[in-house]
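So the structure is just underneath, and the comments pick up after that.
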Amino acid sequence: MAFGIKRKEIREWKRKIDAGEIAFLTHYWIDERFPGCKTVTKVGCHDLNRLANWGKQYGLKKEWIHKREDGYSHYDLLGEKEKEILECEGLLDQYFRFKRT
């Protein structure tokens, strides 16, 4: 279940994906399969080759792309990998926004 974000943020993420950009969206996310993870960052791009090449630099496999028929395919980043990639991308503010105690 996703929560903690505004519709405006989702629209902006989708706009960037539609424009062929690499787009990031972090939100609260609870899933029993991933205990200890409270957030997920979705990294998407309409151009799946561009997205796969972007992911390759971080050791992400193209097979891990969540392919969606609606055009909003993305990687799901969790845990330490999420933090590591957001730091490298200069987007740690997205991570810490949801890590307040």
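Residues are named by chain letter and number: chains run A, B, ... in the order of the structure tokens, numbers start at 1 in each chain, and ligands are numbered from 1 in the order shown.
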key: Residue neighbourhood segment 24-29 of chain A, 9 Å, only C-alpha atoms, exclusion window fewer than 5 positions, as an MDAnalysis selection string   = chainID A and resid 1:5 9:10 13 16 37:44 77 86 91 94:95 97:98
inquiry  = If we count only C-alpha atoms and set the cut-off at 10 Å, which residues sit around Tyr58 of chain A, ignoring sequence neighbours fewer than 5 positions away in its own chain? Please answer as a ChimeraX atom specification.
reply    = /A:53,81,84-85,88
Those of chain A in DSSP helix (DSSP H, G or I), formatted as a PyMOL selection string = chain A and resi 7-18+48-56+62-64+79-88+92-97
Keeping only N, CA, C and O atoms, write those residues as a compact mmCIF listing (two decimals), in the first residue's frame.
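So the final result, stored in part.txt, reads:
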```
# COMPACT_ATOMS: atom_id res chain seq x y z
N ARG A 7 -1.24 13.84 -4.98
CA ARG A 7 -1.55 13.58 -6.39
C ARG A 7 -0.65 14.39 -7.31
O ARG A 7 -0.26 13.90 -8.38
N LYS A 8 -0.34 15.59 -6.91
CA LYS A 8 0.53 16.45 -7.71
C LYS A 8 1.90 15.79 -7.94
O LYS A 8 2.47 15.87 -9.02
N GLU A 9 2.43 15.13 -6.90
CA GLU A 9 3.72 14.45 -7.02
C GLU A 9 3.63 13.27 -8.00
O GLU A 9 4.55 13.04 -8.78
N ILE A 10 2.53 12.56 -7.95
CA ILE A 10 2.34 11.44 -8.88
C ILE A 10 2.22 11.96 -10.31
O ILE A 10 2.83 11.40 -11.23
N ARG A 11 1.46 13.04 -10.50
CA ARG A 11 1.31 13.62 -11.84
C ARG A 11 2.66 14.08 -12.39
O ARG A 11 2.96 13.89 -13.56
N GLU A 12 3.48 14.69 -11.53
CA GLU A 12 4.80 15.15 -11.97
C GLU A 12 5.70 13.99 -12.33
O GLU A 12 6.45 14.04 -13.31
N TRP A 13 5.67 12.91 -11.56
CA TRP A 13 6.43 11.70 -11.87
C TRP A 13 6.02 11.15 -13.22
O TRP A 13 6.86 10.83 -14.06
N LYS A 14 4.73 11.07 -13.46
CA LYS A 14 4.22 10.57 -14.74
C LYS A 14 4.59 11.50 -15.89
O LYS A 14 4.93 11.03 -16.98
N ARG A 15 4.54 12.81 -15.67
CA ARG A 15 4.91 13.77 -16.71
C ARG A 15 6.36 13.57 -17.13
O ARG A 15 6.68 13.55 -18.32
N LYS A 16 7.24 13.38 -16.15
CA LYS A 16 8.66 13.17 -16.46
C LYS A 16 8.86 11.86 -17.21
O LYS A 16 9.65 11.80 -18.16
N ILE A 17 8.17 10.83 -16.80
CA ILE A 17 8.28 9.54 -17.50
C ILE A 17 7.81 9.70 -18.95
O ILE A 17 8.48 9.26 -19.88
N ASP A 18 6.67 10.36 -19.14
CA ASP A 18 6.14 10.58 -20.49
C ASP A 18 7.10 11.37 -21.36
O ASP A 18 7.14 11.19 -22.57
N LEU A 48 12.36 2.05 -22.03
CA LEU A 48 12.84 0.95 -21.19
C LEU A 48 14.33 0.68 -21.38
O LEU A 48 15.00 0.27 -20.44
N ASN A 49 14.86 0.93 -22.56
CA ASN A 49 16.31 0.77 -22.77
C ASN A 49 17.08 1.80 -21.96
O ASN A 49 18.10 1.48 -21.35
N ARG A 50 16.60 3.03 -21.96
CA ARG A 50 17.24 4.08 -21.15
C ARG A 50 17.16 3.73 -19.67
O ARG A 50 18.14 3.88 -18.93
N LEU A 51 16.02 3.24 -19.24
CA LEU A 51 15.84 2.87 -17.83
C LEU A 51 16.78 1.72 -17.46
O LEU A 51 17.44 1.76 -16.42
N ALA A 52 16.88 0.72 -18.32
CA ALA A 52 17.77 -0.42 -18.06
C ALA A 52 19.22 0.03 -18.01
O ALA A 52 19.99 -0.43 -17.14
N ASN A 53 19.62 0.91 -18.92
CA ASN A 53 20.99 1.42 -18.91
C ASN A 53 21.27 2.25 -17.66
O ASN A 53 22.36 2.18 -17.09
N TRP A 54 20.29 3.03 -17.23
CA TRP A 54 20.45 3.79 -15.99
C TRP A 54 20.64 2.80 -14.82
O TRP A 54 21.54 2.97 -14.00
N GLY A 55 19.80 1.78 -14.75
CA GLY A 55 19.87 0.82 -13.65
C GLY A 55 21.16 0.03 -13.62
O GLY A 55 21.66 -0.33 -12.56
N LYS A 56 21.71 -0.22 -14.80
CA LYS A 56 22.94 -1.01 -14.91
C LYS A 56 24.08 -0.40 -14.10
O LYS A 56 24.86 -1.12 -13.47
N LYS A 62 17.85 -5.51 -15.85
CA LYS A 62 16.67 -5.07 -16.60
C LYS A 62 15.47 -5.97 -16.31
O LYS A 62 14.32 -5.52 -16.41
N GLU A 63 15.72 -7.21 -15.92
CA GLU A 63 14.63 -8.12 -15.57
C GLU A 63 13.86 -7.65 -14.34
O GLU A 63 12.75 -8.13 -14.07
N TRP A 64 14.46 -6.77 -13.56
CA TRP A 64 13.82 -6.27 -12.35
C TRP A 64 12.88 -5.10 -12.61
O TRP A 64 12.21 -4.62 -11.69
N GLY A 79 15.24 -0.33 0.91
CA GLY A 79 16.31 -0.51 1.89
C GLY A 79 17.57 0.28 1.59
O GLY A 79 17.53 1.42 1.14
N GLU A 80 18.71 -0.34 1.85
CA GLU A 80 20.01 0.33 1.69
C GLU A 80 20.27 0.70 0.24
O GLU A 80 20.89 1.72 -0.03
N LYS A 81 19.82 -0.11 -0.71
CA LYS A 81 20.00 0.19 -2.13
C LYS A 81 19.25 1.47 -2.49
O LYS A 81 19.74 2.30 -3.24
N GLU A 82 18.07 1.62 -1.92
CA GLU A 82 17.28 2.84 -2.13
C GLU A 82 18.08 4.06 -1.67
O GLU A 82 18.23 5.03 -2.41
N LYS A 83 18.59 3.98 -0.46
CA LYS A 83 19.34 5.10 0.10
C LYS A 83 20.61 5.37 -0.71
O LYS A 83 20.92 6.52 -1.03
N GLU A 84 21.34 4.32 -1.06
CA GLU A 84 22.58 4.45 -1.83
C GLU A 84 22.34 5.16 -3.16
O GLU A 84 23.06 6.10 -3.52
N ILE A 85 21.32 4.74 -3.88
CA ILE A 85 21.05 5.32 -5.20
C ILE A 85 20.55 6.74 -5.07
O ILE A 85 20.99 7.63 -5.82
N LEU A 86 19.67 7.00 -4.13
CA LEU A 86 19.18 8.38 -3.95
C LEU A 86 20.33 9.31 -3.58
O LEU A 86 20.37 10.46 -4.04
N GLU A 87 21.27 8.83 -2.79
CA GLU A 87 22.44 9.64 -2.43
C GLU A 87 23.26 9.95 -3.68
O GLU A 87 23.65 11.09 -3.92
N CYS A 88 23.53 8.94 -4.49
CA CYS A 88 24.31 9.13 -5.72
C CYS A 88 23.61 10.09 -6.68
O CYS A 88 24.28 10.84 -7.41
N LEU A 92 18.70 12.60 -1.71
CA LEU A 92 18.50 12.08 -0.35
C LEU A 92 17.36 12.76 0.37
O LEU A 92 16.77 12.19 1.30
N ASP A 93 17.00 13.97 -0.04
CA ASP A 93 15.87 14.66 0.58
C ASP A 93 14.60 13.83 0.45
O ASP A 93 13.78 13.79 1.37
N GLN A 94 14.44 13.12 -0.66
CA GLN A 94 13.27 12.25 -0.83
C GLN A 94 13.30 11.12 0.20
O GLN A 94 12.27 10.75 0.74
N TYR A 95 14.47 10.58 0.45
CA TYR A 95 14.61 9.48 1.40
C TYR A 95 14.33 9.96 2.82
O TYR A 95 13.52 9.37 3.54
N PHE A 96 14.97 11.06 3.23
CA PHE A 96 14.84 11.52 4.61
C PHE A 96 13.48 12.15 4.89
O PHE A 96 13.07 12.22 6.05
N ARG A 97 12.77 12.54 3.88
CA ARG A 97 11.44 13.07 4.07
C ARG A 97 10.55 12.05 4.80
O ARG A 97 9.69 12.43 5.60
```
request  = May I have the residues within 12 Å of Asp70 of chain A as a PyMOL selection string, using only C-alpha atoms and disregarding those fewer than 2 positions away in the same chain?
outcome  = chain A and resi 14+17-18+45-46+66-68+72-74
Write a file of the selected residues as an mmCIF file, in the first residue's frame, keeping all heavy atoms.
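Saved as selection37.cif:
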```cif
data_model
loop_
_atom_site.group_PDB
_atom_site.id
_atom_site.type_symbol
_atom_site.label_atom_id
_atom_site.label_comp_id
_atom_site.auth_asym_id
_atom_site.auth_seq_id
_atom_site.Cartn_x
_atom_site.Cartn_y
_atom_site.Cartn_z
ATOM 1 N N LYS A 14 4.729 11.065 -13.462
ATOM 2 C CA LYS A 14 4.222 10.565 -14.735
ATOM 3 C C LYS A 14 4.595 11.496 -15.888
ATOM 4 O O LYS A 14 4.928 11.031 -16.982
ATOM 5 C CB LYS A 14 2.708 10.377 -14.672
ATOM 6 C CG LYS A 14 2.297 9.204 -13.810
ATOM 7 C CD LYS A 14 0.785 9.040 -13.795
ATOM 8 C CE LYS A 14 0.376 7.787 -13.038
ATOM 9 N NZ LYS A 14 -1.085 7.599 -13.093
ATOM 10 N N ILE A 17 8.173 10.825 -16.804
ATOM 11 C CA ILE A 17 8.275 9.538 -17.503
ATOM 12 C C ILE A 17 7.811 9.700 -18.947
ATOM 13 O O ILE A 17 8.478 9.257 -19.877
ATOM 14 C CB ILE A 17 7.461 8.453 -16.772
ATOM 15 C CG1 ILE A 17 8.170 8.058 -15.470
ATOM 16 C CG2 ILE A 17 7.251 7.229 -17.665
ATOM 17 C CD1 ILE A 17 7.387 7.118 -14.593
ATOM 18 N N ASP A 18 6.670 10.359 -19.141
ATOM 19 C CA ASP A 18 6.137 10.576 -20.487
ATOM 20 C C ASP A 18 7.097 11.372 -21.356
ATOM 21 O O ASP A 18 7.142 11.188 -22.575
ATOM 22 C CB ASP A 18 4.795 11.300 -20.426
ATOM 23 C CG ASP A 18 3.678 10.443 -19.834
ATOM 24 O OD1 ASP A 18 3.821 9.200 -19.815
ATOM 25 O OD2 ASP A 18 2.672 11.024 -19.395
ATOM 26 N N CYS A 45 10.858 5.339 -16.426
ATOM 27 C CA CYS A 45 11.149 6.019 -17.683
ATOM 28 C C CYS A 45 10.345 5.315 -18.769
ATOM 29 O O CYS A 45 10.236 4.082 -18.759
ATOM 30 C CB CYS A 45 12.642 5.964 -18.009
ATOM 31 S SG CYS A 45 13.088 6.894 -19.489
ATOM 32 N N HIS A 46 9.796 6.080 -19.696
ATOM 33 C CA HIS A 46 9.025 5.504 -20.798
ATOM 34 C C HIS A 46 9.908 4.669 -21.719
ATOM 35 O O HIS A 46 9.475 3.659 -22.261
ATOM 36 C CB HIS A 46 8.328 6.620 -21.581
ATOM 37 C CG HIS A 46 7.381 6.123 -22.604
ATOM 38 N ND1 HIS A 46 6.164 5.567 -22.279
ATOM 39 C CD2 HIS A 46 7.474 6.068 -23.945
ATOM 40 C CE1 HIS A 46 5.549 5.194 -23.377
ATOM 41 N NE2 HIS A 46 6.317 5.486 -24.412
ATOM 42 N N HIS A 66 9.660 -3.348 -13.325
ATOM 43 C CA HIS A 66 8.240 -3.683 -13.230
ATOM 44 C C HIS A 66 7.580 -3.090 -14.480
ATOM 45 O O HIS A 66 7.326 -1.895 -14.548
ATOM 46 C CB HIS A 66 7.646 -3.098 -11.954
ATOM 47 C CG HIS A 66 6.191 -3.359 -11.799
ATOM 48 N ND1 HIS A 66 5.410 -2.664 -10.910
ATOM 49 C CD2 HIS A 66 5.357 -4.224 -12.407
ATOM 50 C CE1 HIS A 66 4.172 -3.085 -10.988
ATOM 51 N NE2 HIS A 66 4.114 -4.031 -11.890
ATOM 52 N N LYS A 67 7.348 -3.944 -15.475
ATOM 53 C CA LYS A 67 6.791 -3.491 -16.754
ATOM 54 C C LYS A 67 5.285 -3.369 -16.633
ATOM 55 O O LYS A 67 4.604 -4.321 -16.288
ATOM 56 C CB LYS A 67 7.185 -4.452 -17.867
ATOM 57 C CG LYS A 67 8.671 -4.437 -18.115
ATOM 58 C CD LYS A 67 9.068 -5.375 -19.218
ATOM 59 C CE LYS A 67 10.588 -5.316 -19.359
ATOM 60 N NZ LYS A 67 11.131 -6.463 -20.012
ATOM 61 N N ARG A 68 4.824 -2.168 -16.949
ATOM 62 C CA ARG A 68 3.394 -1.880 -16.832
ATOM 63 C C ARG A 68 2.813 -1.509 -18.189
ATOM 64 O O ARG A 68 3.433 -0.755 -18.938
ATOM 65 C CB ARG A 68 3.187 -0.753 -15.834
ATOM 66 C CG ARG A 68 3.590 -1.165 -14.422
ATOM 67 C CD ARG A 68 3.341 -0.101 -13.420
ATOM 68 N NE ARG A 68 2.097 0.578 -13.656
ATOM 69 C CZ ARG A 68 1.349 1.111 -12.706
ATOM 70 N NH1 ARG A 68 1.725 1.037 -11.462
ATOM 71 N NH2 ARG A 68 0.225 1.732 -12.998
ATOM 72 N N TYR A 72 4.020 3.247 -17.355
ATOM 73 C CA TYR A 72 4.756 3.744 -16.194
ATOM 74 C C TYR A 72 5.602 2.635 -15.561
ATOM 75 O O TYR A 72 5.551 2.383 -14.359
ATOM 76 C CB TYR A 72 3.809 4.414 -15.200
ATOM 77 C CG TYR A 72 3.118 5.585 -15.855
ATOM 78 C CD1 TYR A 72 1.787 5.529 -16.208
ATOM 79 C CD2 TYR A 72 3.845 6.717 -16.199
ATOM 80 C CE1 TYR A 72 1.167 6.580 -16.864
ATOM 81 C CE2 TYR A 72 3.243 7.773 -16.854
ATOM 82 C CZ TYR A 72 1.906 7.701 -17.180
ATOM 83 O OH TYR A 72 1.328 8.745 -17.849
ATOM 84 N N SER A 73 6.396 1.995 -16.399
ATOM 85 C CA SER A 73 7.305 0.944 -15.941
ATOM 86 C C SER A 73 8.386 1.553 -15.067
ATOM 87 O O SER A 73 8.783 2.713 -15.262
ATOM 88 C CB SER A 73 7.920 0.233 -17.146
ATOM 89 O OG SER A 73 6.900 -0.367 -17.923
ATOM 90 N N HIS A 74 8.865 0.767 -14.098
ATOM 91 C CA HIS A 74 9.801 1.335 -13.128
ATOM 92 C C HIS A 74 10.559 0.244 -12.362
ATOM 93 O O HIS A 74 10.144 -0.903 -12.332
ATOM 94 C CB HIS A 74 9.046 2.207 -12.118
ATOM 95 C CG HIS A 74 8.001 1.432 -11.365
ATOM 96 N ND1 HIS A 74 6.733 1.249 -11.842
ATOM 97 C CD2 HIS A 74 8.054 0.776 -10.188
ATOM 98 C CE1 HIS A 74 6.040 0.513 -10.984
ATOM 99 N NE2 HIS A 74 6.827 0.207 -9.963
#
```
inquiry  = Taking only chain A into account, list the residues labelled strand (DSSP E or B) by DSSP (computed from the backbone), as a list in words.
reply    =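 Secondary structure check on chain A, strand (DSSP E or B): Ala2, Phe3, Ala23, Phe24, Leu25, Thr26, His27, Tyr28, Trp29, Thr39, Val40, Thr41, Lys42, Val43, Gly44, His66, His74, Tyr75, Asp76 and Leu77 of chain A.
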ask   = Quick one: distance from atom CA of Arg33 of chain A to atom CA of Leu78 of chain A in Å, one decimal?
value =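 Result for atom CA of Arg33 of chain A versus atom CA of Leu78 of chain A: 11.6 Å, one decimal.
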